[in-house]
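> Quick one: the structure is below, questions incoming.
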Amino acid sequence: MNRLVKTLVIGAAGQIGAYTVQDLIQYAKAQVIASDRKLDNIKRAMTDLKLITETQLIELDANNSEAVTRVIKTEKVDTVVNCAWYQTNLAVMEACLKGGAHYTDLGGLFDTTLKQLEHNPEWKDAGLNATIGLGSTPGITNVAGAAGSAKLAAVDTINIYSSWGNTLPLKEANWPGYSIRTALDEFSQEPVMWLNGKHVKQPVLSGETTVTMNEPVGKVVAYYVKHSEPATLGTFVGKGCRNVTFRISFPPTDITTFQTLRSLGFADTEEIQFGETKISPLDYLTAMHHRAISKSRHGSPPHEEYEYDAFKIDVFGTYRDAPATVTYDIITWNDPEKGLPSSRDTSVPPAVASNWQSTGKMKSSGVFPPEVTIEPEAFFKELGKRKIRVEEHFTETRKFY
C-alpha cells in the first residue's frame, strides 16, 4: 500500500500558510507537517481551523537551513511549501535540495526570485522541481500572462493590476492577502519593470494610471510596486515580449495606512530598546498582525460575500497579422459557507503545485517560475473548485479591405 504524500508547510501560523495546510488536507489528502517559529502560534492557528488533530506540529525556523534539512530527511518529506517571508526562500531551497524534496513558495519580490533561478542547474541534476512565486500575485497572474501569450502569434506588452477591498457600507481598513512584511517592502523598495526588453528601476508608487476592472472594483488608480512578475515573464514567455508591468490599486484608506506605517519606521528591521527587551519595529508589527489574524478566525463566519481580491491581466500582441488582446479578470470573494477569506487565492496555488509535484503531474526538474511549469487550463479549473473565478476574454481586430 502506498504511503500518503507528506508535505511540510513552513509559516503555517501565518495568514496564508494556515489555509494552505487546510487546502492540502481537504483537496490533496496529504499528510501535513505544519511548522512555524513558535509552536504556540501553530497550535493556535490549527486549533482555529479545527485541524489540530489532522496535522503534525513542529517548531522550525525557516532561516535555519540545517534544521529544515533534518526535518525533511527524518520525516521523509516529499514536498515543501514555504509560506514564510520571502527572505527565507534561499535557505529553505537549500534544505530541500539537500533533503531531496520538491519546493514551492509565494514569491521572491524580484531580487530573491532572480537569485533563486540561478540554482536551476543543481535542481536539474538532482531531479527535483522548484516552482517559485506561486501565490495569487505572483502566481495566478504569471500563469494568466503565459496563457494569454500562448494564444497570440507575437506578444508586445503584459500589464498586471491587483486590487482588494470590501463592499461594507462603512468601509473598514483592509489588509492585503499576504505578509504585512512584504507589503511594507513594496512601499519601501524601488520597483523594477520590464521595459523595452530590459529591467528598469522606477520610483516607488510611480507609473500612476487609471484602469477599469470588473465590478465591484470599477475604475481605480494603480501604481508601480516592486513585484516578481516583471522579473520573469518578459524573458520566459518569449514571443518578442517587450514590456511587463505590475501595478497595485490600494483602497484609499489602506494606502494612507501603509504610508503612515512606513513613515513611522515600522518597515525597519533594526532592533530598538523597549524596557528590558529589544525588538525591531517590523517584528513588532508582524506579531500584531498575526494576533489580529488569529482573532478574526474566532469570529462568526460572514453570511454574505463582502470581501474580495481582484486582478486584471492584459496581454497585448498580434494574431493573424492583426492587433489582438487577451484579458484575464480574476476575482475571489470570501466564502460565507466555509468561512474562508478572499485571501485563499494566495494559499490555494502552492497547495495545487505541491500536489502536482508529488503526484508526478509536474515533471520538469529545475527551478522555474509558474509560467513555465503550470498548465493554465488545468490550474484554472482547480482554482474554480475553490470559487476562485477566472474569466478569459479574447479581442481580435479584423479588417475587411
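Chain labels run A, B, ... following the order of the C-alpha cells; each chain numbers its residues from 1, and ligands are numbered from 1 in the order shown.
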Please return as number ranges by chain: the residues of region 119-329 of chain A that backbone DSSP assigns to strand (DSSP E or B).

A: 129-131, 135, 139, 154-166, 192-195, 198-201, 209-213, 218-224, 243-249, 272-274, 277-279, 307-319, 322-329

> Output C-alpha atoms of each residue in that selection to a file, as a PDB file, in the first residue's frame.


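To be explicit, this is the file written out as out_1.pdb:
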```pdb
ATOM      1  CA  ASN A 129      11.251  20.626  -9.108  1.00  0.00           C
ATOM      2  CA  ALA A 130      11.182  24.103  -7.572  1.00  0.00           C
ATOM      3  CA  THR A 131       8.274  26.197  -8.822  1.00  0.00           C
ATOM      4  CA  GLY A 135       0.613  32.584  -4.822  1.00  0.00           C
ATOM      5  CA  GLY A 139       1.446  33.118  -9.289  1.00  0.00           C
ATOM      6  CA  ALA A 154       3.568  37.671 -31.009  1.00  0.00           C
ATOM      7  CA  VAL A 155       3.468  39.485 -27.661  1.00  0.00           C
ATOM      8  CA  ASP A 156       4.346  43.118 -27.060  1.00  0.00           C
ATOM      9  CA  THR A 157       3.107  44.019 -23.561  1.00  0.00           C
ATOM     10  CA  ILE A 158       1.718  42.341 -20.438  1.00  0.00           C
ATOM     11  CA  ASN A 159       0.132  44.691 -17.897  1.00  0.00           C
ATOM     12  CA  ILE A 160      -0.912  43.301 -14.499  1.00  0.00           C
ATOM     13  CA  TYR A 161      -3.197  45.038 -11.999  1.00  0.00           C
ATOM     14  CA  SER A 162      -4.063  43.998  -8.448  1.00  0.00           C
ATOM     15  CA  SER A 163      -6.710  45.308  -6.054  1.00  0.00           C
ATOM     16  CA  TRP A 164      -8.726  44.326  -2.996  1.00  0.00           C
ATOM     17  CA  GLY A 165     -11.445  45.729  -0.778  1.00  0.00           C
ATOM     18  CA  ASN A 166     -14.877  45.147   0.704  1.00  0.00           C
ATOM     19  CA  VAL A 192      11.686  47.201 -11.368  1.00  0.00           C
ATOM     20  CA  MET A 193       9.685  46.826 -14.588  1.00  0.00           C
ATOM     21  CA  TRP A 194      10.483  45.071 -17.883  1.00  0.00           C
ATOM     22  CA  LEU A 195      10.501  47.998 -20.328  1.00  0.00           C
ATOM     23  CA  LYS A 198      15.222  45.208 -20.187  1.00  0.00           C
ATOM     24  CA  HIS A 199      14.769  45.679 -16.451  1.00  0.00           C
ATOM     25  CA  VAL A 200      14.443  49.329 -15.451  1.00  0.00           C
ATOM     26  CA  LYS A 201      14.103  50.757 -11.925  1.00  0.00           C
ATOM     27  CA  THR A 209      -2.574  55.106 -14.289  1.00  0.00           C
ATOM     28  CA  THR A 210      -6.333  54.653 -14.277  1.00  0.00           C
ATOM     29  CA  VAL A 211      -7.696  51.222 -15.099  1.00  0.00           C
ATOM     30  CA  THR A 212     -11.219  49.808 -15.261  1.00  0.00           C
ATOM     31  CA  MET A 213     -11.570  46.442 -13.569  1.00  0.00           C
ATOM     32  CA  GLY A 218     -14.679  49.583 -11.289  1.00  0.00           C
ATOM     33  CA  LYS A 219     -12.363  52.445 -12.272  1.00  0.00           C
ATOM     34  CA  VAL A 220      -9.337  52.767  -9.974  1.00  0.00           C
ATOM     35  CA  VAL A 221      -5.908  54.389  -9.831  1.00  0.00           C
ATOM     36  CA  ALA A 222      -2.976  51.951  -9.772  1.00  0.00           C
ATOM     37  CA  TYR A 223       0.760  52.390  -9.085  1.00  0.00           C
ATOM     38  CA  TYR A 224       4.014  50.531  -9.690  1.00  0.00           C
ATOM     39  CA  ASN A 243       7.110  45.180 -21.653  1.00  0.00           C
ATOM     40  CA  VAL A 244       5.813  43.659 -18.404  1.00  0.00           C
ATOM     41  CA  THR A 245       4.405  45.958 -15.731  1.00  0.00           C
ATOM     42  CA  PHE A 246       2.818  45.373 -12.335  1.00  0.00           C
ATOM     43  CA  ARG A 247       0.615  47.874 -10.535  1.00  0.00           C
ATOM     44  CA  ILE A 248      -1.446  47.793  -7.352  1.00  0.00           C
ATOM     45  CA  SER A 249      -4.592  49.775  -6.694  1.00  0.00           C
ATOM     46  CA  ILE A 272      15.212  49.115  19.303  1.00  0.00           C
ATOM     47  CA  GLN A 273      15.282  49.006  23.106  1.00  0.00           C
ATOM     48  CA  PHE A 274      11.897  48.749  24.803  1.00  0.00           C
ATOM     49  CA  THR A 277      13.814  43.787  25.730  1.00  0.00           C
ATOM     50  CA  LYS A 278      14.799  44.562  22.153  1.00  0.00           C
ATOM     51  CA  ILE A 279      12.586  44.154  19.107  1.00  0.00           C
ATOM     52  CA  GLU A 307     -14.581  40.918   0.848  1.00  0.00           C
ATOM     53  CA  TYR A 308     -12.694  40.451  -2.414  1.00  0.00           C
ATOM     54  CA  ASP A 309      -9.316  40.201  -4.155  1.00  0.00           C
ATOM     55  CA  ALA A 310      -9.287  41.162  -7.831  1.00  0.00           C
ATOM     56  CA  PHE A 311      -6.733  41.017 -10.654  1.00  0.00           C
ATOM     57  CA  LYS A 312      -6.649  42.077 -14.280  1.00  0.00           C
ATOM     58  CA  ILE A 313      -4.042  40.851 -16.755  1.00  0.00           C
ATOM     59  CA  ASP A 314      -3.907  42.393 -20.244  1.00  0.00           C
ATOM     60  CA  VAL A 315      -1.743  40.671 -22.852  1.00  0.00           C
ATOM     61  CA  PHE A 316      -1.258  42.779 -25.999  1.00  0.00           C
ATOM     62  CA  GLY A 317       0.136  41.377 -29.232  1.00  0.00           C
ATOM     63  CA  THR A 318      -0.838  40.139 -32.672  1.00  0.00           C
ATOM     64  CA  TYR A 319      -2.934  37.291 -34.029  1.00  0.00           C
ATOM     65  CA  ALA A 322      -3.616  41.930 -36.706  1.00  0.00           C
ATOM     66  CA  PRO A 323      -3.627  43.521 -33.219  1.00  0.00           C
ATOM     67  CA  ALA A 324      -5.194  41.320 -30.535  1.00  0.00           C
ATOM     68  CA  THR A 325      -5.629  41.377 -26.772  1.00  0.00           C
ATOM     69  CA  VAL A 326      -6.183  38.562 -24.294  1.00  0.00           C
ATOM     70  CA  THR A 327      -7.528  39.739 -20.930  1.00  0.00           C
ATOM     71  CA  TYR A 328      -7.964  37.750 -17.729  1.00  0.00           C
ATOM     72  CA  ASP A 329     -10.278  39.041 -14.994  1.00  0.00           C
TER      73      ASP A 329
END
```

> Near Arg291 (chain A), within 12 Å and counting only C-alpha atoms, which residues show up once chain neighbours fewer than 6 positions away are dropped, as a list in words?

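Neighbouring residues, sequence-local ones excluded: Ala13, Gly14, Gln15, Asp40, Asn41, Arg44, Ala45, Tyr284, Leu285, Arg297 and His298 of chain A.
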
> Please determine, counting only C-alpha atoms, which residue among A:Pro252, A:Gly127, A:Gly384, A:Gly133 has the shortest atom-to-atom distance to Tyr86 (chain A).

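Among the listed residues, A:Gly133 lies closest to Tyr86 (chain A).
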
> Set the distance at 8 Å and use only C-alpha atoms: which residues neighbour Ile374 (chain A) once local chain neighbours fewer than 3 positions away are removed? I'd like the list as a ChimeraX atom specification.

/A:143,353,362,370-371,379

> Write out as a list in words each polymer residue whose atoms come within 9 Å of Gln87 (chain A), counting only C-alpha atoms; drop sequence neighbours fewer than 4 positions from it.

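The residues that qualify are Asn63, Ala91, Gly108, Leu109 and Thr112 of chain A.
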
> Once you have the residues from the selection above, write them out as an mmCIF file, in the first residue's frame, restricted to C-alpha atoms.


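Printed below is selection.cif as written:
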```cif
data_model
loop_
_atom_site.group_PDB
_atom_site.id
_atom_site.type_symbol
_atom_site.label_atom_id
_atom_site.label_comp_id
_atom_site.auth_asym_id
_atom_site.auth_seq_id
_atom_site.Cartn_x
_atom_site.Cartn_y
_atom_site.Cartn_z
ATOM 1 C CA ASN A 63 16.271 30.582 8.214
ATOM 2 C CA ALA A 91 17.672 28.920 2.923
ATOM 3 C CA GLY A 108 10.706 36.467 -4.037
ATOM 4 C CA LEU A 109 9.916 40.168 -4.519
ATOM 5 C CA THR A 112 15.274 36.971 -4.488
#
```

> Given only C-alpha atoms as the basis, pick out the residue of A:Lys385, A:Arg242, A:Lys361, A:Arg398 nearest to Val348 (chain A).

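Result for the nearest residue to Val348 (chain A): A:Lys385.
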
> Considering only C-alpha atoms, tabulate each residue of region 85-173 of chain A that lies at most 7 Å from region 65-73 of chain A along with its nearest interatomic pair and the corresponding distance in Å to one decimal; arrange the rows by chain and ascending residue number and present them as a tab-separated table.


```
residue	atom	partner	partner_atom	distance
A:Ala91	CA	A:Ser65	CA	5.2
A:Val92	CA	A:Ser65	CA	5.9
A:Glu94	CA	A:Ser65	CA	6.7
A:Ala95	CA	A:Thr69	CA	4.5
A:Cys96	CA	A:Thr69	CA	6.5
A:Lys98	CA	A:Thr69	CA	6.5
A:Gly99	CA	A:Thr69	CA	5.3
```

> Keeping C-alpha atoms, export the residues of the selection given above as a short mmCIF file (atom, residue, chain, number, x, y, z; two decimals), in the first residue's frame.


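And here is the file that came out, out_14.cif:
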```cif
data_model
loop_
_atom_site.label_atom_id
_atom_site.label_comp_id
_atom_site.auth_asym_id
_atom_site.auth_seq_id
_atom_site.Cartn_x
_atom_site.Cartn_y
_atom_site.Cartn_z
CA ALA A 91 17.67 28.92 2.92
CA VAL A 92 14.63 26.67 2.57
CA GLU A 94 19.00 24.79 0.09
CA ALA A 95 17.43 22.48 2.69
CA CYS A 96 15.09 20.94 0.11
CA LYS A 98 19.95 18.53 0.48
CA GLY A 99 16.92 16.67 1.78
#
```

> For a test of reading the model, state the distance in Å between CA of Leu128 (chain A) and CA of Phe380 (chain A), rounded to one decimal.

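Computing the Euclidean distance for CA of Leu128 (chain A) and CA of Phe380 (chain A) yields 24.1 Å.
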
> I'd like the interatomic distance between CA of Ala378 (chain A) and CA of Ser358 (chain A), to a tenth of an Å.

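We find that CA of Ala378 (chain A) and CA of Ser358 (chain A) lie 16.3 Å from each other.
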